[in-house]
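Participant: My questions will all concern the structure given below.
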Amino acid sequence: WPSAPAKHVLTGHRQPVTAVAFHPVYSLLATASEDATVRVYEADAGAFERQLRGHTMAVTAVAWACGGHMLASASADLAIKLWDSSADGDFSCLKTLRGHEHTVSTLGFVDRGEGDEVLVSGSRDETMKLWDPKTGFCTGTLRKPDGLGWVRCLDVSPGGAYVAAGSATHQVTIWALGADKQACVATLVGHEHVIESVAFAQGRVSPALLAGGEGGEAELKDAPAAAAAEAGDAATAAVHVVSGSRDGTLRIWDALDGLCLAVLRGHANWVRSVAWHPGLKCVLSCGDDRTLRVYDLKSRRCARTINDAHEHFVSCLAMHPTLPLLATGGVDRATRVWALE
């Protein structure tokens, strides 16, 4: 668990920090800001590495490719940029992807194996788009007939079988990403305000921790197909999602069955970002009440609260997949790196 004070306070951005993302292998940390730049730090040492310029408006999201050889950034300038972060790369801009008609809010990479990757983006234009990072071409657009709403956040399931998207319609939609066909298989209903963050558990959560549903509804679009996909593909074994909302709550969902398994309360303001602890026994969150919180799934209570984690709203967080490091970004323009006990 994180403990105060922060290990490092990283400065340099001239406007609020909007997103943070750890390299999948090394302790590199990418940060995005409303100042239209991306900054890269060596998080463990707290050292600044470089600044990436090219966007003309606020940068809203950053995401590393599955092998860490590429960094993607999204912006209110409607563009997505791909940066070379390979071992012999210099973080030069490889490609600029255009196709969204409004702010691009969120990004995620899908690993299809054997070097084949897909980039997924979500936008205020109420669509998600699939991109081939090698060519820069858009290979598909995901939308709902009744409107997807402003896609605020997304996350990719382990194995890349599903994408969860949170939107301004107060709903989380689960999309199956087949090689030839993509479809919405469930809509998770229960939050009472905009969804700001979603995250898939990166493994199988113990059923004992999440026994019994609580306070949610689900609209299943194609439950038999989803169940068949789960039975036929081991990559779909991890199907639990946590969502954070402006209603001040977190919800734990069974993504395929569409059931709300737990409602976690404690924040006194908007929840801005959520993440699973690698041990899958707790989830972490941050929000506009300036706190960083750890929720124990067994008790379904807040087990640790770090008050005044930032001097202003805490807008984003990320956990390193293997190293005991947590990063948070805030409206105070700072990024804080926390050591995990």
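A note on labels: chains of the structure tokens are A, B, ... as shown, every chain counts residues from 1, and ligands are counted from 1 in their shown order.
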Show me, as a PyMOL selection string, the residues that have an atom within 6 Å of stretch 119-130 of chain A when counting only C-alpha atoms, minus same-chain residues fewer than 2 positions from it.
Facilitator: chain A and resi 101-109+138-143+148-151
Participant: Go ahead and write the residues just picked, N, CA, C and O atoms, as a PDB file, in the first residue's frame.
Facilitator:
ATOM      1  N   GLU A 101     -13.627  13.574 -34.459  1.00  0.00           N
ATOM      2  CA  GLU A 101     -14.201  14.877 -34.755  1.00  0.00           C
ATOM      3  C   GLU A 101     -14.322  15.767 -33.525  1.00  0.00           C
ATOM      4  O   GLU A 101     -14.878  16.859 -33.600  1.00  0.00           O
ATOM      5  N   HIS A 102     -13.814  15.289 -32.396  1.00  0.00           N
ATOM      6  CA  HIS A 102     -13.807  16.096 -31.174  1.00  0.00           C
ATOM      7  C   HIS A 102     -12.642  15.596 -30.325  1.00  0.00           C
ATOM      8  O   HIS A 102     -11.876  14.722 -30.739  1.00  0.00           O
ATOM      9  N   THR A 103     -12.504  16.165 -29.141  1.00  0.00           N
ATOM     10  CA  THR A 103     -11.409  15.822 -28.232  1.00  0.00           C
ATOM     11  C   THR A 103     -11.220  14.320 -28.109  1.00  0.00           C
ATOM     12  O   THR A 103     -12.177  13.569 -27.888  1.00  0.00           O
ATOM     13  N   VAL A 104      -9.981  13.846 -28.257  1.00  0.00           N
ATOM     14  CA  VAL A 104      -9.649  12.456 -27.997  1.00  0.00           C
ATOM     15  C   VAL A 104      -9.294  12.350 -26.519  1.00  0.00           C
ATOM     16  O   VAL A 104      -8.362  12.992 -26.050  1.00  0.00           O
ATOM     17  N   SER A 105     -10.047  11.547 -25.771  1.00  0.00           N
ATOM     18  CA  SER A 105      -9.984  11.563 -24.313  1.00  0.00           C
ATOM     19  C   SER A 105      -9.173  10.432 -23.702  1.00  0.00           C
ATOM     20  O   SER A 105      -8.676  10.561 -22.579  1.00  0.00           O
ATOM     21  N   THR A 106      -9.059   9.307 -24.408  1.00  0.00           N
ATOM     22  CA  THR A 106      -8.518   8.117 -23.760  1.00  0.00           C
ATOM     23  C   THR A 106      -7.925   7.166 -24.794  1.00  0.00           C
ATOM     24  O   THR A 106      -8.324   7.182 -25.968  1.00  0.00           O
ATOM     25  N   LEU A 107      -6.968   6.340 -24.350  1.00  0.00           N
ATOM     26  CA  LEU A 107      -6.230   5.441 -25.241  1.00  0.00           C
ATOM     27  C   LEU A 107      -5.932   4.115 -24.554  1.00  0.00           C
ATOM     28  O   LEU A 107      -5.851   4.053 -23.325  1.00  0.00           O
ATOM     29  N   GLY A 108      -5.725   3.077 -25.356  1.00  0.00           N
ATOM     30  CA  GLY A 108      -5.274   1.797 -24.839  1.00  0.00           C
ATOM     31  C   GLY A 108      -4.784   0.918 -25.973  1.00  0.00           C
ATOM     32  O   GLY A 108      -5.301   0.988 -27.094  1.00  0.00           O
ATOM     33  N   PHE A 109      -3.778   0.092 -25.690  1.00  0.00           N
ATOM     34  CA  PHE A 109      -3.239  -0.822 -26.696  1.00  0.00           C
ATOM     35  C   PHE A 109      -3.773  -2.226 -26.467  1.00  0.00           C
ATOM     36  O   PHE A 109      -3.900  -2.686 -25.333  1.00  0.00           O
ATOM     37  N   CYS A 138      -7.025   3.955 -39.620  1.00  0.00           N
ATOM     38  CA  CYS A 138      -8.159   3.576 -38.780  1.00  0.00           C
ATOM     39  C   CYS A 138      -8.785   2.325 -39.370  1.00  0.00           C
ATOM     40  O   CYS A 138      -9.159   2.307 -40.550  1.00  0.00           O
ATOM     41  N   THR A 139      -8.894   1.271 -38.564  1.00  0.00           N
ATOM     42  CA  THR A 139      -9.408  -0.004 -39.061  1.00  0.00           C
ATOM     43  C   THR A 139     -10.834  -0.294 -38.619  1.00  0.00           C
ATOM     44  O   THR A 139     -11.406  -1.304 -39.028  1.00  0.00           O
ATOM     45  N   GLY A 140     -11.411   0.572 -37.794  1.00  0.00           N
ATOM     46  CA  GLY A 140     -12.786   0.356 -37.359  1.00  0.00           C
ATOM     47  C   GLY A 140     -13.256   1.466 -36.443  1.00  0.00           C
ATOM     48  O   GLY A 140     -12.455   2.141 -35.792  1.00  0.00           O
ATOM     49  N   THR A 141     -14.558   1.656 -36.403  1.00  0.00           N
ATOM     50  CA  THR A 141     -15.172   2.653 -35.526  1.00  0.00           C
ATOM     51  C   THR A 141     -16.297   1.986 -34.746  1.00  0.00           C
ATOM     52  O   THR A 141     -17.153   1.321 -35.337  1.00  0.00           O
ATOM     53  N   LEU A 142     -16.282   2.152 -33.423  1.00  0.00           N
ATOM     54  CA  LEU A 142     -17.299   1.571 -32.555  1.00  0.00           C
ATOM     55  C   LEU A 142     -18.251   2.663 -32.103  1.00  0.00           C
ATOM     56  O   LEU A 142     -17.833   3.696 -31.579  1.00  0.00           O
ATOM     57  N   ARG A 143     -19.549   2.417 -32.302  1.00  0.00           N
ATOM     58  CA  ARG A 143     -20.565   3.371 -31.860  1.00  0.00           C
ATOM     59  C   ARG A 143     -21.839   2.604 -31.542  1.00  0.00           C
ATOM     60  O   ARG A 143     -22.004   1.452 -31.957  1.00  0.00           O
ATOM     61  N   LEU A 148     -23.212   6.608 -27.781  1.00  0.00           N
ATOM     62  CA  LEU A 148     -22.270   6.110 -26.796  1.00  0.00           C
ATOM     63  C   LEU A 148     -21.963   7.154 -25.735  1.00  0.00           C
ATOM     64  O   LEU A 148     -21.536   6.841 -24.632  1.00  0.00           O
ATOM     65  N   GLY A 149     -22.227   8.413 -26.060  1.00  0.00           N
ATOM     66  CA  GLY A 149     -21.870   9.497 -25.148  1.00  0.00           C
ATOM     67  C   GLY A 149     -20.390   9.807 -25.245  1.00  0.00           C
ATOM     68  O   GLY A 149     -19.614   9.117 -25.916  1.00  0.00           O
ATOM     69  N   TRP A 150     -19.993  10.874 -24.582  1.00  0.00           N
ATOM     70  CA  TRP A 150     -18.588  11.250 -24.531  1.00  0.00           C
ATOM     71  C   TRP A 150     -17.824  10.129 -23.842  1.00  0.00           C
ATOM     72  O   TRP A 150     -18.033   9.842 -22.673  1.00  0.00           O
ATOM     73  N   VAL A 151     -16.920   9.472 -24.576  1.00  0.00           N
ATOM     74  CA  VAL A 151     -16.122   8.389 -24.006  1.00  0.00           C
ATOM     75  C   VAL A 151     -14.995   9.011 -23.196  1.00  0.00           C
ATOM     76  O   VAL A 151     -14.045   9.562 -23.750  1.00  0.00           O
TER      77      VAL A 151
END
Participant: Contacts of A:Gln202 at 12 Å or less, counting only C-alpha atoms, minus same-chain residues fewer than 6 places along, as a compact mmCIF listing (two decimals) with all heavy atoms, in the first residue's frame?
Facilitator:
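Printed below is selection07.txt as written:
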# COMPACT_ATOMS: atom_id res chain seq x y z
N ASP A 155 -10.34 0.84 -20.91
CA ASP A 155 -9.28 -0.08 -20.53
C ASP A 155 -9.46 -1.37 -21.30
O ASP A 155 -10.58 -1.75 -21.67
CB ASP A 155 -9.29 -0.36 -19.02
CG ASP A 155 -8.02 -1.05 -18.56
OD1 ASP A 155 -6.94 -0.74 -19.10
OD2 ASP A 155 -8.09 -1.90 -17.65
N VAL A 156 -8.34 -2.05 -21.56
CA VAL A 156 -8.32 -3.29 -22.32
C VAL A 156 -8.12 -4.46 -21.36
O VAL A 156 -7.29 -4.41 -20.46
CB VAL A 156 -7.18 -3.27 -23.36
CG1 VAL A 156 -7.15 -4.57 -24.15
CG2 VAL A 156 -7.35 -2.08 -24.30
N SER A 157 -8.90 -5.52 -21.56
CA SER A 157 -8.78 -6.70 -20.69
C SER A 157 -7.50 -7.46 -20.98
O SER A 157 -6.93 -7.36 -22.07
CB SER A 157 -9.99 -7.62 -20.89
OG SER A 157 -9.93 -8.23 -22.17
N PRO A 158 -7.02 -8.26 -20.03
CA PRO A 158 -5.87 -9.10 -20.29
C PRO A 158 -6.14 -10.03 -21.48
O PRO A 158 -7.20 -10.63 -21.56
CB PRO A 158 -5.72 -9.91 -18.99
CG PRO A 158 -6.39 -9.08 -17.95
CD PRO A 158 -7.53 -8.39 -18.65
N GLY A 159 -5.22 -10.07 -22.39
CA GLY A 159 -5.43 -10.88 -23.59
C GLY A 159 -6.10 -10.12 -24.72
O GLY A 159 -6.12 -10.58 -25.86
N GLY A 160 -6.66 -8.94 -24.42
CA GLY A 160 -7.22 -8.09 -25.45
C GLY A 160 -8.56 -8.51 -26.00
O GLY A 160 -8.98 -8.05 -27.06
N ALA A 235 -8.02 -16.17 -22.36
CA ALA A 235 -7.70 -14.77 -22.15
C ALA A 235 -8.85 -14.00 -21.51
O ALA A 235 -8.67 -12.91 -20.98
CB ALA A 235 -7.34 -14.10 -23.48
N THR A 236 -10.04 -14.56 -21.56
CA THR A 236 -11.20 -13.88 -20.99
C THR A 236 -11.44 -14.27 -19.54
O THR A 236 -12.47 -13.94 -18.98
CB THR A 236 -12.47 -14.19 -21.82
OG1 THR A 236 -12.72 -15.60 -21.72
CG2 THR A 236 -12.28 -13.80 -23.26
N ALA A 237 -10.50 -14.98 -18.92
CA ALA A 237 -10.70 -15.44 -17.54
C ALA A 237 -10.86 -14.28 -16.57
O ALA A 237 -11.60 -14.37 -15.61
CB ALA A 237 -9.55 -16.34 -17.12
N ALA A 238 -10.13 -13.18 -16.81
CA ALA A 238 -10.23 -12.03 -15.92
C ALA A 238 -11.28 -11.08 -16.46
O ALA A 238 -11.06 -10.42 -17.47
CB ALA A 238 -8.88 -11.33 -15.82
N VAL A 239 -12.42 -11.03 -15.81
CA VAL A 239 -13.53 -10.25 -16.35
C VAL A 239 -14.09 -9.26 -15.33
O VAL A 239 -15.20 -8.79 -15.49
CB VAL A 239 -14.67 -11.19 -16.83
CG1 VAL A 239 -14.21 -11.97 -18.02
CG2 VAL A 239 -15.11 -12.13 -15.71
N HIS A 240 -13.33 -8.97 -14.31
CA HIS A 240 -13.81 -8.00 -13.33
C HIS A 240 -13.31 -6.60 -13.67
O HIS A 240 -12.16 -6.43 -14.07
CB HIS A 240 -13.36 -8.39 -11.91
CG HIS A 240 -14.02 -9.64 -11.41
ND1 HIS A 240 -13.36 -10.84 -11.35
CD2 HIS A 240 -15.28 -9.87 -10.97
CE1 HIS A 240 -14.20 -11.77 -10.88
NE2 HIS A 240 -15.36 -11.20 -10.66
N VAL A 241 -14.20 -5.64 -13.51
CA VAL A 241 -13.91 -4.25 -13.83
C VAL A 241 -14.24 -3.39 -12.62
O VAL A 241 -15.24 -3.62 -11.94
CB VAL A 241 -14.76 -3.77 -15.04
CG1 VAL A 241 -14.62 -2.28 -15.26
CG2 VAL A 241 -14.35 -4.52 -16.30
N VAL A 242 -13.39 -2.40 -12.36
CA VAL A 242 -13.72 -1.37 -11.38
C VAL A 242 -13.94 -0.06 -12.12
O VAL A 242 -13.23 0.24 -13.09
CB VAL A 242 -12.60 -1.22 -10.31
CG1 VAL A 242 -11.27 -0.83 -10.94
CG2 VAL A 242 -13.01 -0.19 -9.25
N ALA A 275 -7.62 2.03 -9.97
CA ALA A 275 -6.68 1.00 -10.40
C ALA A 275 -6.76 -0.18 -9.46
O ALA A 275 -7.08 -0.02 -8.28
CB ALA A 275 -5.25 1.55 -10.43
N TRP A 276 -6.46 -1.36 -9.98
CA TRP A 276 -6.38 -2.57 -9.16
C TRP A 276 -4.98 -2.70 -8.60
O TRP A 276 -3.99 -2.47 -9.30
CB TRP A 276 -6.68 -3.82 -9.99
CG TRP A 276 -8.11 -3.95 -10.43
CD1 TRP A 276 -8.68 -3.38 -11.53
CD2 TRP A 276 -9.13 -4.71 -9.79
NE1 TRP A 276 -10.00 -3.74 -11.62
CE2 TRP A 276 -10.31 -4.56 -10.57
CE3 TRP A 276 -9.17 -5.51 -8.65
CZ2 TRP A 276 -11.51 -5.17 -10.23
CZ3 TRP A 276 -10.36 -6.12 -8.32
CH2 TRP A 276 -11.52 -5.96 -9.10
N HIS A 277 -4.89 -3.07 -7.33
CA HIS A 277 -3.60 -3.47 -6.78
C HIS A 277 -3.20 -4.78 -7.43
O HIS A 277 -4.06 -5.63 -7.69
CB HIS A 277 -3.71 -3.63 -5.26
CG HIS A 277 -2.40 -3.86 -4.59
ND1 HIS A 277 -1.80 -5.10 -4.55
CD2 HIS A 277 -1.56 -3.02 -3.92
CE1 HIS A 277 -0.67 -5.01 -3.89
NE2 HIS A 277 -0.48 -3.76 -3.50
N PRO A 278 -1.90 -4.99 -7.74
CA PRO A 278 -1.48 -6.23 -8.41
C PRO A 278 -1.89 -7.50 -7.65
O PRO A 278 -2.10 -8.55 -8.26
CB PRO A 278 0.04 -6.10 -8.48
CG PRO A 278 0.28 -4.63 -8.49
CD PRO A 278 -0.79 -4.04 -7.61
N GLY A 279 -2.04 -7.42 -6.32
CA GLY A 279 -2.45 -8.59 -5.55
C GLY A 279 -3.92 -8.92 -5.69
O GLY A 279 -4.38 -9.97 -5.22
N LEU A 280 -4.70 -7.99 -6.31
CA LEU A 280 -6.12 -8.18 -6.60
C LEU A 280 -6.96 -8.35 -5.33
O LEU A 280 -8.05 -8.92 -5.39
CB LEU A 280 -6.35 -9.37 -7.54
CG LEU A 280 -5.68 -9.25 -8.92
CD1 LEU A 280 -5.98 -10.47 -9.76
CD2 LEU A 280 -6.13 -7.98 -9.63
N LYS A 281 -6.48 -7.86 -4.20
CA LYS A 281 -7.27 -7.88 -2.97
C LYS A 281 -7.76 -6.49 -2.59
O LYS A 281 -8.52 -6.35 -1.62
CB LYS A 281 -6.45 -8.48 -1.83
CG LYS A 281 -6.12 -9.96 -2.03
CD LYS A 281 -5.36 -10.54 -0.85
CE LYS A 281 -5.07 -12.01 -1.06
NZ LYS A 281 -4.32 -12.60 0.10
N VAL A 283 -8.42 -2.18 -4.34
CA VAL A 283 -8.37 -1.24 -5.44
C VAL A 283 -8.00 0.13 -4.89
O VAL A 283 -8.23 0.43 -3.71
CB VAL A 283 -9.71 -1.16 -6.21
CG1 VAL A 283 -10.01 -2.47 -6.92
CG2 VAL A 283 -10.86 -0.79 -5.27
N MET A 319 -0.45 2.46 -11.53
CA MET A 319 0.43 1.56 -10.80
C MET A 319 1.35 0.86 -11.78
O MET A 319 0.93 0.46 -12.87
CB MET A 319 -0.38 0.52 -10.02
CG MET A 319 -1.19 1.08 -8.89
SD MET A 319 -1.71 -0.22 -7.74
CE MET A 319 -0.14 -0.70 -7.04
N PRO A 321 3.16 -2.24 -13.30
CA PRO A 321 2.70 -3.64 -13.29
C PRO A 321 3.57 -4.59 -12.48
O PRO A 321 3.08 -5.62 -12.03
CB PRO A 321 2.70 -4.01 -14.77
CG PRO A 321 3.63 -3.04 -15.42
CD PRO A 321 3.50 -1.78 -14.64
N THR A 322 4.84 -4.26 -12.28
CA THR A 322 5.72 -5.18 -11.55
C THR A 322 6.51 -4.53 -10.43
O THR A 322 6.86 -5.19 -9.45
CB THR A 322 6.72 -5.85 -12.52
OG1 THR A 322 7.48 -4.82 -13.20
CG2 THR A 322 5.99 -6.71 -13.56
Participant: What is the atom CA of A:Lys7 to atom CA of A:Val337 distance in Å?
Facilitator: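 So the answer is 5.5 Å.
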Participant: Please run DSSP on the backbone and report, as JSON, numbers by chain, all residues within stretch 62-296 of chain A that come out as strand (DSSP E).
Facilitator: {"A": [62, 63, 64, 70, 71, 72, 73, 74, 75, 79, 80, 81, 82, 83, 84, 93, 94, 95, 96, 97, 98, 104, 105, 106, 107, 108, 109, 110, 111, 117, 118, 119, 120, 121, 122, 123, 128, 129, 130, 131, 138, 139, 140, 141, 142, 151, 152, 153, 154, 155, 156, 162, 163, 164, 165, 166, 167, 171, 172, 173, 174, 175, 176, 177, 182, 183, 184, 185, 186, 187, 188, 189, 195, 196, 197, 198, 199, 200, 217, 218, 219, 220, 240, 241, 242, 243, 244, 245, 250, 251, 252, 253, 254, 259, 260, 261, 262, 263, 264, 271, 272, 273, 274, 275, 276, 282, 283, 284, 285, 286, 287, 292, 293, 294, 295, 296]}
Participant: Extract, using only C-alpha atoms, all DNA, RNA and protein residues at most 7 Å from stretch 27-42 of chain A, discarding same-chain residues fewer than 3 positions from it, and format them as a list in words.
Facilitator: His13, Arg14, Gln15, Pro16, Val17, Thr18, Ala19, Val20, Ala21, Phe22, His23, Ala45, Gly46, Ala47, Phe48, Glu49, Arg50, Gln51, Leu52, Arg53, His55, Thr56, Met57, Ala58, Val59, Thr60, Ala61 and Val62 of chain A
Participant: Could those residues be written to a file, using N, CA and C atoms, as a short mmCIF file (atom, residue, chain, number, x, y, z; two decimals), in the first residue's frame?
Facilitator:
data_model
loop_
_atom_site.label_atom_id
_atom_site.label_comp_id
_atom_site.auth_asym_id
_atom_site.auth_seq_id
_atom_site.Cartn_x
_atom_site.Cartn_y
_atom_site.Cartn_z
N HIS A 13 5.57 20.61 -15.51
CA HIS A 13 4.40 21.00 -16.30
C HIS A 13 3.91 22.39 -15.85
N ARG A 14 3.40 23.14 -16.81
CA ARG A 14 2.95 24.50 -16.53
C ARG A 14 1.43 24.60 -16.36
N GLN A 15 0.75 23.46 -16.55
CA GLN A 15 -0.70 23.39 -16.38
C GLN A 15 -1.03 22.06 -15.70
N PRO A 16 -2.29 21.83 -15.31
CA PRO A 16 -2.65 20.58 -14.62
C PRO A 16 -2.21 19.32 -15.36
N VAL A 17 -1.82 18.31 -14.57
CA VAL A 17 -1.46 17.00 -15.12
C VAL A 17 -2.76 16.22 -15.33
N THR A 18 -2.94 15.69 -16.52
CA THR A 18 -4.20 15.03 -16.88
C THR A 18 -4.12 13.50 -16.90
N ALA A 19 -2.91 12.96 -17.08
CA ALA A 19 -2.77 11.50 -17.19
C ALA A 19 -1.35 11.09 -16.86
N VAL A 20 -1.21 9.88 -16.30
CA VAL A 20 0.11 9.30 -16.03
C VAL A 20 0.07 7.84 -16.48
N ALA A 21 1.22 7.33 -16.95
CA ALA A 21 1.28 5.94 -17.39
C ALA A 21 2.71 5.42 -17.25
N PHE A 22 2.83 4.24 -16.65
CA PHE A 22 4.13 3.60 -16.48
C PHE A 22 4.48 2.74 -17.68
N HIS A 23 5.77 2.73 -18.02
CA HIS A 23 6.30 1.79 -19.00
C HIS A 23 6.04 0.37 -18.49
N ALA A 45 14.03 6.98 -9.72
CA ALA A 45 15.05 7.94 -9.30
C ALA A 45 14.49 9.35 -9.18
N GLY A 46 13.30 9.57 -9.73
CA GLY A 46 12.72 10.91 -9.69
C GLY A 46 13.39 11.88 -10.63
N ALA A 47 13.93 11.37 -11.75
CA ALA A 47 14.71 12.20 -12.67
C ALA A 47 13.93 12.49 -13.95
N PHE A 48 14.00 13.72 -14.40
CA PHE A 48 13.40 14.12 -15.67
C PHE A 48 14.23 13.60 -16.82
N GLU A 49 13.56 13.02 -17.83
CA GLU A 49 14.25 12.48 -18.99
C GLU A 49 14.11 13.37 -20.22
N ARG A 50 12.86 13.67 -20.61
CA ARG A 50 12.66 14.48 -21.81
C ARG A 50 11.23 14.99 -21.88
N GLN A 51 11.05 15.99 -22.73
CA GLN A 51 9.73 16.57 -22.97
C GLN A 51 9.36 16.36 -24.44
N LEU A 52 8.11 15.96 -24.68
CA LEU A 52 7.64 15.71 -26.04
C LEU A 52 6.66 16.80 -26.44
N ARG A 53 7.00 17.48 -27.51
CA ARG A 53 6.15 18.56 -28.02
C ARG A 53 5.60 18.20 -29.39
N HIS A 55 1.69 18.42 -29.87
CA HIS A 55 0.27 18.75 -29.77
C HIS A 55 0.09 20.26 -29.64
N THR A 56 -1.07 20.73 -30.06
CA THR A 56 -1.34 22.17 -30.02
C THR A 56 -2.37 22.55 -28.96
N MET A 57 -2.96 21.54 -28.32
CA MET A 57 -3.91 21.79 -27.24
C MET A 57 -3.63 20.78 -26.13
N ALA A 58 -4.46 20.79 -25.09
CA ALA A 58 -4.24 19.93 -23.93
C ALA A 58 -4.06 18.48 -24.32
N VAL A 59 -3.07 17.82 -23.71
CA VAL A 59 -2.89 16.38 -23.88
C VAL A 59 -3.72 15.69 -22.81
N THR A 60 -4.59 14.79 -23.23
CA THR A 60 -5.59 14.21 -22.33
C THR A 60 -5.27 12.80 -21.88
N ALA A 61 -4.40 12.08 -22.63
CA ALA A 61 -4.13 10.68 -22.29
C ALA A 61 -2.78 10.26 -22.85
N VAL A 62 -2.16 9.29 -22.17
CA VAL A 62 -0.94 8.66 -22.66
C VAL A 62 -1.04 7.16 -22.41
#
Participant: What's the separation between atom CA of A:Glu341 and atom CA of A:Pro2, in Å to one decimal place?
Facilitator: 6.2 Å
Participant: Give the answer as one residue: which of A:Thr187, A:Thr135, A:Ser92, A:Gln182 has the shortest atom-to-atom distance to A:Asp254, using only C-alpha atoms?
Facilitator: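 The answer is A:Thr187, which sits nearest to A:Asp254.
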Participant: Atom CA of A:His170 and atom CA of A:Leu284 are how many Å apart?
Facilitator: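 Those two atoms sit 20.4 Å apart.
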Participant: Of the candidates A:Gly68, A:Gly258, A:Pro324, A:Gly203, which one gets nearest to A:Ser85 if we count only C-alpha atoms?
Facilitator: A:Gly68
Participant: May I have the residues within 6 Å of A:Ala176 as a ChimeraX atom specification, using only C-alpha atoms and disregarding those fewer than 4 positions away in the same chain?
Facilitator: /A:161-162,182-183
Participant: Which is closer to A:Ser167 than all the others in A:Lys81, A:His312, A:Arg246, A:Arg204, using only C-alpha atoms?
Facilitator: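 Checking each candidate against A:Ser167, we get A:Arg246 as the closest.
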